[in-house]
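Below is the file target-v5.txt, which contains compact mmCIF, C-alpha atoms and all ligand atoms.
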# COMPACT_ATOMS: atom_id res chain seq x y z
CA MET A 11 0.00 0.00 0.00
CA LYS A 12 1.34 3.43 -0.91
CA VAL A 13 1.67 6.04 1.80
CA ASN A 14 -0.22 8.49 -0.38
CA ASP A 15 -3.16 6.07 -0.62
CA ILE A 16 -3.38 5.94 3.16
CA LEU A 17 -3.45 9.73 3.33
CA GLU A 18 -6.03 9.91 0.56
CA HIS A 19 -8.28 7.41 2.35
CA PHE A 20 -8.59 9.78 5.29
CA LEU A 21 -8.74 13.08 3.40
CA SER A 22 -11.37 11.84 0.95
CA ARG A 23 -13.72 10.96 3.83
CA ALA A 24 -13.18 14.11 5.91
CA ASP A 25 -15.33 16.89 4.45
CA TRP A 26 -14.49 19.05 7.49
CA VAL A 27 -10.85 19.23 6.40
CA ASP A 28 -9.53 21.89 4.02
CA ARG A 29 -6.93 20.22 1.81
CA GLU A 30 -5.17 23.53 1.24
CA THR A 31 -4.51 24.29 4.88
CA THR A 32 -4.57 20.97 6.71
CA VAL A 33 -1.55 19.68 8.60
CA ASP A 34 -2.53 16.16 7.50
CA ARG A 35 0.18 15.32 4.98
CA VAL A 36 3.47 13.55 4.60
CA ILE A 37 5.67 15.62 6.89
CA VAL A 38 8.97 14.09 5.81
CA GLY A 39 9.82 11.33 3.34
CA ASP A 40 8.61 9.74 0.13
CA ALA A 41 4.80 9.51 -0.14
CA GLY A 42 5.15 7.11 -3.06
CA ILE A 43 6.77 4.18 -1.27
CA ASP A 44 4.94 0.90 -0.71
CA VAL A 45 4.59 -0.27 2.89
CA GLY A 46 3.23 -3.43 4.47
CA SER A 47 3.49 -2.26 8.07
CA CYS A 48 3.72 0.90 10.12
CA LEU A 49 3.91 2.22 13.64
CA VAL A 50 1.20 4.50 15.01
CA THR A 51 2.03 6.93 17.78
CA TRP A 52 0.68 10.19 19.19
CA MET A 53 3.80 12.27 18.57
CA PRO A 54 7.00 11.30 16.74
CA SER A 55 9.43 11.55 19.64
CA PHE A 56 13.10 10.83 19.03
CA LYS A 57 12.57 7.69 21.10
CA VAL A 58 9.99 6.38 18.64
CA LEU A 59 12.11 7.37 15.63
CA ARG A 60 15.00 5.32 17.03
CA GLN A 61 12.61 2.45 17.65
CA MET A 62 11.57 2.59 13.99
CA VAL A 63 15.19 2.18 12.93
CA GLU A 64 15.66 -0.74 15.35
CA GLN A 65 12.49 -2.43 14.05
CA ASP A 66 13.41 -1.66 10.45
CA MET A 67 10.07 0.16 10.08
CA GLN A 68 9.78 2.82 7.39
CA LEU A 69 6.41 4.48 8.03
CA LEU A 70 5.20 6.28 11.14
CA VAL A 71 1.62 7.52 11.34
CA CYS A 72 1.23 10.21 13.99
CA HIS A 73 -1.28 12.74 15.29
CA GLU A 74 0.84 15.62 16.56
CA PRO A 75 3.80 17.48 15.01
CA THR A 76 7.32 16.15 14.64
CA PHE A 77 9.08 19.48 15.02
CA TRP A 78 7.42 20.89 18.15
CA ASN A 79 5.21 23.42 16.36
CA HIS A 80 1.72 22.85 14.96
CA LEU A 81 2.60 23.54 11.32
CA ASP A 82 5.82 21.50 11.49
CA LYS A 83 7.87 24.49 10.31
CA ARG A 84 11.59 23.74 10.02
CA PRO A 85 13.68 26.91 10.22
CA VAL A 86 17.24 26.22 9.10
CA ASN A 87 18.67 28.16 12.04
CA ASP A 88 17.02 25.88 14.62
CA ALA A 89 19.68 23.29 15.45
CA GLY A 90 17.28 20.99 17.31
CA ILE A 91 14.85 20.83 14.41
CA GLN A 92 17.65 20.28 11.90
CA GLU A 93 19.10 17.45 14.02
CA LYS A 94 15.76 15.65 14.12
CA LEU A 95 15.14 16.24 10.40
CA LYS A 96 18.58 14.85 9.55
CA PHE A 97 17.89 11.69 11.58
CA VAL A 98 14.61 11.11 9.72
CA GLN A 99 16.18 11.75 6.32
CA ASP A 100 19.37 9.75 7.00
CA HIS A 101 17.26 6.69 7.84
CA GLU A 102 14.78 7.32 5.01
CA LEU A 103 11.84 7.32 7.40
CA VAL A 104 8.41 8.53 6.29
CA ILE A 105 6.17 10.44 8.69
CA LEU A 106 2.48 10.74 7.86
CA ARG A 107 0.34 12.99 10.03
CA ASN A 108 -3.33 12.36 10.72
CA HIS A 109 -4.51 15.20 12.94
CA ASP A 110 -7.38 17.18 11.44
CA CYS A 111 -9.10 14.08 10.06
CA TRP A 112 -8.83 12.02 13.25
CA ASP A 113 -9.82 14.87 15.57
CA ARG A 114 -13.36 14.72 14.20
CA TRP A 115 -13.58 11.23 12.73
CA PRO A 116 -17.10 10.05 13.68
CA GLU A 117 -17.49 7.46 16.43
CA VAL A 118 -13.82 6.48 16.81
CA GLY A 119 -11.92 9.78 16.46
CA ILE A 120 -10.16 11.53 19.34
CA PRO A 121 -13.09 12.79 21.49
CA TRP A 122 -15.19 9.65 20.99
CA ALA A 123 -12.26 7.40 21.90
CA TRP A 124 -11.43 9.53 24.97
CA ALA A 125 -15.02 9.44 26.24
CA ASP A 126 -15.34 5.72 25.65
CA PHE A 127 -12.02 5.09 27.41
CA LEU A 128 -13.27 7.06 30.46
CA GLY A 129 -16.40 4.92 30.57
CA LEU A 130 -18.69 7.77 29.51
CA GLY A 131 -20.10 5.79 26.61
CA SER A 132 -20.07 6.41 22.90
CA LYS A 133 -23.13 8.60 22.46
CA PRO A 134 -22.56 12.27 23.25
CA VAL A 135 -25.64 14.19 24.39
CA THR A 136 -24.33 17.25 22.58
CA ILE A 137 -21.43 18.01 20.25
CA GLY A 138 -20.18 21.61 20.19
CA ALA A 139 -20.29 23.62 16.99
CA ASP A 140 -16.60 23.07 16.26
CA GLY A 141 -16.96 19.29 16.54
CA TYR A 142 -14.23 18.97 19.16
CA GLN A 143 -16.21 19.33 22.39
CA HIS A 144 -18.65 16.69 23.59
CA ARG A 145 -21.04 16.39 26.53
CA TYR A 146 -21.80 13.03 28.14
CA ASP A 147 -24.32 12.55 30.95
CA ILE A 148 -23.75 10.21 33.89
CA ASP A 149 -25.58 9.49 37.14
CA PRO A 150 -24.97 12.30 39.66
CA THR A 151 -21.63 11.57 41.32
CA PRO A 152 -19.48 13.58 43.78
CA LEU A 153 -16.63 15.33 41.94
CA GLU A 154 -14.02 13.58 44.08
CA THR A 155 -15.45 10.13 43.26
CA PHE A 156 -15.67 10.94 39.56
CA ALA A 157 -12.10 12.28 39.52
CA ARG A 158 -10.90 9.02 41.09
CA LEU A 159 -12.60 7.08 38.30
CA VAL A 160 -10.78 9.25 35.74
CA THR A 161 -7.52 8.71 37.63
CA LYS A 162 -7.96 4.97 37.59
CA LYS A 163 -8.31 5.00 33.81
CA CYS A 164 -5.47 7.45 33.15
CA ALA A 165 -3.02 5.48 35.27
CA SER A 166 -2.61 3.00 32.42
CA PHE A 167 -1.15 5.83 30.31
CA GLY A 168 1.33 6.90 32.96
CA GLU A 169 -0.81 9.52 34.70
CA PRO A 170 -1.85 8.05 38.07
CA GLN A 171 -2.98 11.40 39.46
CA VAL A 172 -5.11 14.04 37.77
CA GLN A 173 -5.47 17.72 38.65
CA VAL A 174 -8.82 18.78 40.08
CA THR A 175 -10.27 22.18 40.93
CA GLY A 176 -13.57 22.56 42.75
CA ASP A 177 -15.38 21.22 45.79
CA GLY A 178 -14.94 17.43 45.91
CA SER A 179 -18.42 16.92 47.35
CA GLN A 180 -20.13 18.84 44.55
CA MET A 181 -22.31 16.52 42.48
CA VAL A 182 -21.52 16.31 38.76
CA SER A 183 -23.47 14.57 36.02
CA ARG A 184 -23.02 16.49 32.77
CA ILE A 185 -19.43 15.98 31.72
CA GLY A 186 -17.62 17.96 29.04
CA ILE A 187 -14.68 16.36 27.28
CA GLY A 188 -12.67 17.95 24.52
CA THR A 189 -9.91 17.52 21.97
CA GLY A 190 -6.51 19.06 22.61
CA CYS A 191 -6.88 22.84 22.65
CA GLY A 192 -10.58 22.38 21.91
CA CYS A 193 -11.43 22.31 25.62
CA ASP A 194 -12.96 25.74 26.09
CA ILE A 195 -14.67 25.80 29.49
CA PRO A 196 -17.22 28.57 28.71
CA THR A 197 -18.28 26.50 25.71
CA PHE A 198 -18.73 23.45 27.96
CA GLN A 199 -20.86 25.61 30.27
CA GLN A 200 -22.97 26.79 27.31
CA MET A 201 -23.47 23.11 26.43
CA GLY A 202 -24.95 22.60 29.90
CA CYS A 203 -21.95 20.78 31.38
CA ASP A 204 -21.46 20.91 35.17
CA CYS A 205 -17.88 19.56 35.02
CA SER A 206 -15.17 19.96 32.37
CA ILE A 207 -12.32 17.60 31.63
CA VAL A 208 -9.57 19.58 29.92
CA CYS A 209 -5.96 18.92 28.98
CA ASP A 210 -2.77 20.95 29.24
CA ASP A 211 -2.89 21.92 25.57
CA GLY A 212 -3.95 25.48 26.32
CA SER A 213 -6.00 25.24 29.54
CA LEU A 214 -4.29 27.57 31.99
CA TYR A 215 -4.74 27.93 35.75
CA TRP A 216 -4.37 31.72 35.85
CA ALA A 217 -7.00 32.20 33.17
CA GLU A 218 -9.95 30.00 32.29
CA ILE A 219 -9.51 27.44 35.07
CA GLN A 220 -9.49 30.24 37.69
CA ARG A 221 -12.59 31.66 36.02
CA ALA A 222 -14.25 28.25 36.40
CA GLU A 223 -13.11 27.99 40.02
CA ASP A 224 -14.55 31.43 40.79
CA LEU A 225 -17.85 30.49 39.14
CA GLY A 226 -18.15 27.10 40.90
CA HIS A 227 -17.54 24.97 37.80
CA PRO A 228 -15.33 21.93 38.59
CA VAL A 229 -12.45 21.11 36.25
CA ILE A 230 -10.33 17.99 35.85
CA ARG A 231 -7.07 18.55 33.94
CA VAL A 232 -4.91 15.81 32.41
CA ASN A 233 -1.88 15.66 30.15
CA HIS A 234 -2.52 16.27 26.45
CA ALA A 235 -0.92 12.93 25.52
CA THR A 236 -3.04 11.01 28.02
CA SER A 237 -6.28 12.43 26.66
CA GLU A 238 -5.43 11.53 23.06
CA GLU A 239 -3.82 8.13 23.59
CA PRO A 240 -7.18 6.29 23.37
CA GLY A 241 -7.61 7.87 19.94
CA MET A 242 -4.31 6.38 18.85
CA VAL A 243 -5.55 2.95 19.90
CA THR A 244 -8.69 3.39 17.79
CA LEU A 245 -6.68 4.79 14.85
CA THR A 246 -4.50 1.68 14.92
CA GLU A 247 -7.56 -0.57 15.05
CA TYR A 248 -9.17 1.41 12.23
CA MET A 249 -6.12 1.04 9.99
CA ASN A 250 -5.85 -2.69 10.67
CA THR A 251 -9.54 -3.08 9.77
CA HIS A 252 -9.70 -0.87 6.69
CA PHE A 253 -6.36 -1.30 4.92
CA ASP A 254 -5.73 -4.69 3.35
CA GLY A 255 -2.12 -5.74 3.46
CA LEU A 256 -1.08 -3.15 6.04
CA HIS A 257 -0.30 -4.04 9.63
CA ALA A 258 -0.34 -1.13 12.09
CA GLU A 259 1.23 -1.33 15.53
CA HIS A 260 0.45 1.18 18.29
CA ILE A 261 3.36 2.61 20.27
CA PRO A 262 2.01 4.45 23.35
CA HIS A 263 3.43 7.90 23.96
CA SER A 264 1.77 8.17 27.38
CA CYS A 265 1.93 11.03 29.86
CA VAL A 266 5.01 13.16 29.19
CA TYR A 267 5.94 13.90 32.82
CA HIS A 268 5.93 12.17 36.19
CA LEU A 269 5.31 13.76 39.56
CA VAL A 270 7.91 13.70 42.30
CA GLY A 271 6.91 13.98 45.93
CA ASN A 272 7.93 12.82 49.38
FE FE B 1 -3.99 17.19 20.27
Show this structure as structure tokens.
Ligand SMILES: [Fe+2]
Amino acid sequence: MKVNDILEHFLSRADWVDRETTVDRVIVGDAGIDVGSCLVTWMPSFKVLRQMVEQDMQLLVCHEPTFWNHLDKRPVNDAGIQEKLKFVQDHELVILRNHDCWDRWPEVGIPWAWADFLGLGSKPVTIGADGYQHRYDIDPTPLETFARLVTKKCASFGEPQVQVTGDGSQMVSRIGIGTGCGCDIPTFQQMGCDCSIVCDDGSLYWAEIQRAEDLGHPVIRVNHATSEEPGMVTLTEYMNTHFDGLHAEHIPHSCVYHLVGN
């Protein structure tokens, strides 16, 4: 299967994606090569790139950028970017990004996979206008109890504690979950949510989370990678189901940091 055909499969089914401006493209490498297998990971870390070389794998399908900026710009005067680019080119690796398509892919894309992973089900009560923010309703549960349920799930992706603001005894039942920077708390409130789960891709404590705290709206904050890892599992499953002759293997990125305490 040609790398370009994989890209085309997704783009041709995503009418919400503008082909002219999307970041979904071959970031580095030859789109014309034939591949029988690939790795799927959230972000092409150097660790994963080295693993590709060790496994003699040529194609990496990813969700987030390779070069630490959304548009994968590669200024020649940035030594770090040039070092990573050289590694990819020297080993003739191909990096294919699937971000804009998978963020809104119905039923198995990022927000659906995240909600399902958290045990919220697969049928959002409401989807925000941008397609990235969902509301799921649960039985009324104290915030603290609900946060522990989230923690239990996220532990498997290396995040055994989540950040919570709000009164732990406050009952919550209308949960907002989002997609990366698409976690706007006022939008969740407009959707009728009484608790928002956000990630660290743009949700700041001094700004919108403090606003929520002041207004009595509980917030649970997790790492960006944790919240999108379930979507990488579903992307891998999707590729193995829909592409004959291509075997995809998921490499978890998992939570980027760990907490140190006494
Ligand atoms: Fe993201």
* Selection near region 160-163 of chain A, 9 Å with all atoms listed in the file, sequence-local residues under 5 positions removed, as a count of residues only -> 9
* Neighbour list for Lys133 (chain A) as a PyMOL selection string, cut-off 10 Å, only C-alpha atoms, skip fewer than 3 positions in-chain -> chain A and resi 117+122+125-126+130+136-137+144-147
For chain A versus ligand FE 1 (chain B), which residues have an atom no more than 7 Å away, and what is each residue's nearest atom pair and distance in Å rounded to one decimal, using all atoms listed in the file, chain-then-number order, as CSV?
residue,atom,partner,partner_atom,distance
A:Glu74,CA,B:FE1,FE,6.3
A:Thr189,CA,B:FE1,FE,6.2
A:Gly190,CA,B:FE1,FE,3.9
A:Cys191,CA,B:FE1,FE,6.8
A:His234,CA,B:FE1,FE,6.4
A:Glu238,CA,B:FE1,FE,6.5
* Nearest to Arg29 (chain A) among A:Cys111, A:Leu256, A:Val71, A:Val63, with distances taken over all atoms listed in the file: which residue is it? ->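 For Arg29 (chain A), the nearest of the candidates is A:Cys111.
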* **Between CA of Asp34 (chain A) and CA of Phe198 (chain A) - distance in Å to one decimal** =>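 It comes out at 27.1 Å.
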* What does the distance from CA of Val182 (chain A) to CA of Val229 (chain A) come to in Å, to one decimal? -> 10.6 Å
* Asked: Which is closer to Val36 (chain A) than all the others in A:His73, A:Ser179, A:Trp112, A:Met67, using only C-alpha atoms?
  -> A:His73
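Of note, CA of Val45 (chain A) and CA of Gly255 (chain A) are spaced 8.7 Å apart.
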* Leu81 (chain A) surroundings by all atoms listed in the file, 10 Å radius, close-in-sequence under 2 positions cut, as an MDAnalysis selection string -> chainID A and resid 31:34 37 74:79 83:84
Writing out the chosen residues with C-alpha atoms as a PDB file, keeping the file's coordinate frame:
ATOM      1  CA  THR A  31      -4.510  24.290   4.880  1.00  0.00           C
ATOM      2  CA  THR A  32      -4.570  20.970   6.710  1.00  0.00           C
ATOM      3  CA  VAL A  33      -1.550  19.680   8.600  1.00  0.00           C
ATOM      4  CA  ASP A  34      -2.530  16.160   7.500  1.00  0.00           C
ATOM      5  CA  ILE A  37       5.670  15.620   6.890  1.00  0.00           C
ATOM      6  CA  GLU A  74       0.840  15.620  16.560  1.00  0.00           C
ATOM      7  CA  PRO A  75       3.800  17.480  15.010  1.00  0.00           C
ATOM      8  CA  THR A  76       7.320  16.150  14.640  1.00  0.00           C
ATOM      9  CA  PHE A  77       9.080  19.480  15.020  1.00  0.00           C
ATOM     10  CA  TRP A  78       7.420  20.890  18.150  1.00  0.00           C
ATOM     11  CA  ASN A  79       5.210  23.420  16.360  1.00  0.00           C
ATOM     12  CA  LYS A  83       7.870  24.490  10.310  1.00  0.00           C
ATOM     13  CA  ARG A  84      11.590  23.740  10.020  1.00  0.00           C
TER      14      ARG A  84
END
* Asked: Which polymer residues have any atom within 12 Å of an atom of Thr151 (chain A), counting only C-alpha atoms, with same-chain residues fewer than 2 positions away left out, as a list in words?
  -> Asp147, Ile148, Asp149, Leu153, Glu154, Thr155, Phe156, Ala157, Arg158, Leu159, Gly178, Ser179, Gln180, Met181, Val182, Ser183, Arg184, Ile185, Asp204 and Cys205 of chain A
* Anything within 10 Å of (1.4, 2.0, 12.9): list those residues as a count of residues only, counting only C-alpha atoms and sticking to the file's coordinates. => 23
* Measuring atom to atom with all atoms listed in the file, identify which of A:Gly226, A:Val135, A:Phe20, A:Phe56 is nearest to Glu93 (chain A). =>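 Looking at the shortest contact to Glu93 (chain A), the residue is A:Phe56.
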* Asked: Out of A:Pro228, A:Gln143, A:Gly168, A:Gln68, which residue has the shortest atom-to-atom distance to Met201 (chain A) when counting all atoms listed in the file?
  ->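 Result for the nearest residue to Met201 (chain A): A:Gln143.
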* Asked: A:Ile195, A:Met11, A:Ala24, A:Val270: which is nearest Gly119 (chain A), counting only C-alpha atoms?
  ->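 Nearest candidate to Gly119 (chain A) out of A:Ile195, A:Met11, A:Ala24, A:Val270: A:Ala24.
With only C-alpha atoms as the atoms that count, the residue of A:Pro262, A:Pro134, A:Gly39, A:Pro116 with the shortest distance to Lys96 (chain A) is A:Gly39.
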* Just the residues within 8 Å of Tyr142 (chain A), please, counting all atoms listed in the file, with nothing from its chain fewer than 4 positions along; format it as a ChimeraX atom specification. => /A:113-114,121,137-138,188-189,192-193
Would you write out those residues with C-alpha atoms, as a PDB file, in the coordinates of the input?
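Once written, selection.pdb looks like this:
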ATOM      1  CA  ASP A 113      -9.820  14.870  15.570  1.00  0.00           C
ATOM      2  CA  ARG A 114     -13.360  14.720  14.200  1.00  0.00           C
ATOM      3  CA  PRO A 121     -13.090  12.790  21.490  1.00  0.00           C
ATOM      4  CA  ILE A 137     -21.430  18.010  20.250  1.00  0.00           C
ATOM      5  CA  GLY A 138     -20.180  21.610  20.190  1.00  0.00           C
ATOM      6  CA  GLY A 188     -12.670  17.950  24.520  1.00  0.00           C
ATOM      7  CA  THR A 189      -9.910  17.520  21.970  1.00  0.00           C
ATOM      8  CA  GLY A 192     -10.580  22.380  21.910  1.00  0.00           C
ATOM      9  CA  CYS A 193     -11.430  22.310  25.620  1.00  0.00           C
TER      10      CYS A 193
END
